[in-house]
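*Asks:* Quick one: structure below, then a few questions.
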Amino acid sequence: MIIRRNSRWAACAVLFLLPPLACLGSGGTDSHATVSTPDEIKAEFNDVPCENRKRQAAVRALLEKMGAPAADISVVKLGNLENLILRKPGASAETVIVGAHYDKVWKGCGAIDNWSGIVAMAHIYRSLRNVNSPKTLLFVAFGKEEEGLVGSKAMVSAMSQEQAAQVCAMVNLDSFGMGAAQVDTKESNKKLVEVAAPMAKKLGVPYNAAEIYGGTSDASSFMAKKIPAISLHGLAGDWTKVLHSEADRPDRVNPLSVYIGYRLALLIVVEALNAPCNAWR
């Protein structure tokens, strides 16, 4: 996440253990899903790659650990950057994108910003790996987000208008680990924001939707292309003293915050898979 130091945020930091989902969706998706546990999420922070040169390979390894076939993972080079993409074919060319940037600033380990988003994305894939989907899923690890959303901007710039019209929604995961899942309204489609609140209520978790002042994320690149997008995070408390600093290390991550972000995002993705493609345009 790109931030300015005058950013402000107030969020509820109360976290709850969530019951497993009996069924992820209705209609197009079936219930052959695996819901990860808080302990499984916690384990992903035992060995966080703290150097940018190691991050992309670590993302690939994590996705393969979640069961992704190596043949379904590709690295797309766009100019001087690389986005890593995992494609899960669906029954149609209509597409839902789940994204998280894998790069970090030079300070700290980037455990919260944004290894946490990568972990949530990987476990969403694990949950939906064996689900028959009416739409295609793309899981995208964006490069060079911290340099100005370079990876996501390059991806949408490469899309024709026809290709962009087939992208039904984009769910962005950026910086969990310090509080309950939140929606950044400045970076999110209003209709998708309205979807998030009942999903949080269904899970029984605290929820808030508000603007992060001065913040930008990869969701805005898709919004600029008129693709409905929503940006989720889990920032609270003294997060402005942690992000983009030496304090952004694995021991600052509350795994339950990441787990709640994963569970909320999973429900939103399932809703996007089942809804008409133009539901939020």
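Residue numbering restarts at 1 for every chain of the structure tokens, chains are lettered A, B, ... in their displayed order, and ligands are numbered from 1 as they appear.
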What are the DSSP helix (DSSP H, G or I) residues of region 164-235 of chain A, as a VMD selection string?

*Replies:* chain A and resid 164 to 165 185 to 187 190 to 203 219 to 224

*Asks:* What parts of region 126-176 of chain A does DSSP call strand (DSSP E)? I'd like the answer as a list of chain:residue names.

*Replies:* A:Thr136, A:Leu137, A:Leu138, A:Phe139, A:Val140, A:Ala141, A:Phe142, A:Val167, A:Cys168, A:Ala169, A:Met170, A:Val171, A:Asn172, A:Leu173

*Asks:* Go ahead and dump the residues you just picked, C-alpha atoms, as a short mmCIF file (atom, residue, chain, number, x, y, z; two decimals), in the first residue's frame.

*Replies:*
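Output file result-v3.cif is given in full below:
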data_model
loop_
_atom_site.label_atom_id
_atom_site.label_comp_id
_atom_site.auth_asym_id
_atom_site.auth_seq_id
_atom_site.Cartn_x
_atom_site.Cartn_y
_atom_site.Cartn_z
CA THR A 136 -12.68 -17.84 -14.57
CA LEU A 137 -10.54 -16.80 -11.60
CA LEU A 138 -7.25 -14.95 -11.90
CA PHE A 139 -5.03 -14.69 -8.84
CA VAL A 140 -2.54 -11.91 -9.50
CA ALA A 141 0.55 -11.00 -7.48
CA PHE A 142 1.41 -7.50 -8.66
CA VAL A 167 -13.72 -8.70 -15.85
CA CYS A 168 -16.72 -8.75 -13.53
CA ALA A 169 -14.92 -7.68 -10.35
CA MET A 170 -11.50 -7.23 -8.79
CA VAL A 171 -10.90 -7.95 -5.08
CA ASN A 172 -7.73 -6.31 -3.76
CA LEU A 173 -5.99 -7.54 -0.59
#

*Asks:* Quick one: everything within 8 Å of Ser231 (chain A), counting only C-alpha atoms, minus sequence neighbours fewer than 2 positions away in the same chain. Send it as a short mmCIF file (atom, residue, chain, number, x, y, z; two decimals) with C-alpha atoms, in the first residue's frame.

*Replies:*
data_model
loop_
_atom_site.label_atom_id
_atom_site.label_comp_id
_atom_site.auth_asym_id
_atom_site.auth_seq_id
_atom_site.Cartn_x
_atom_site.Cartn_y
_atom_site.Cartn_z
CA VAL A 171 -10.90 -7.95 -5.08
CA ASN A 172 -7.73 -6.31 -3.76
CA LEU A 173 -5.99 -7.54 -0.59
CA ASP A 174 -3.51 -5.11 0.92
CA VAL A 183 -12.97 -1.63 3.26
CA ASP A 184 -11.23 1.46 1.90
CA THR A 185 -14.14 3.33 0.35
CA GLU A 187 -10.44 2.62 -3.47
CA SER A 188 -13.67 0.66 -3.87
CA SER A 217 -3.85 0.61 -3.80
CA ALA A 219 -7.79 -1.48 -6.84
CA ALA A 229 -13.09 -3.25 -7.55
CA HIS A 233 -7.21 -4.29 4.58
#

*Asks:* Find, counting only C-alpha atoms, the residue in A:Ala224, A:Ala265, A:Cys50, A:Ala57 that gets nearest to Ser157 (chain A).

*Replies:*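 For Ser157 (chain A), the nearest of the given residues is A:Ala224.
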
*Asks:* List every residue of region 74-149 of chain A that has an atom at most 7 Å from any atom of region 235-245 of chain A, giving for each one its closest atom pair and the distance in Å to one decimal, counting only C-alpha atoms, sorted by chain and then by ascending residue number, as a Markdown table.

*Replies:*
| residue | atom | partner | partner_atom | distance |
| --- | --- | --- | --- | --- |
| A:Val105 | CA | A:His244 | CA | 6.1 |
| A:Lys107 | CA | A:Ser245 | CA | 5.2 |
| A:Gly108 | CA | A:Ser245 | CA | 5.5 |
| A:Asp113 | CA | A:Leu243 | CA | 6.5 |

*Asks:* When you count only C-alpha atoms, which of these residues is closest to Val150 (chain A): A:Val193, A:Cys109, A:Leu81, A:Leu128?

*Replies:*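 Between A:Val193, A:Cys109, A:Leu81, A:Leu128, the residue approaching Val150 (chain A) most closely is A:Leu81.
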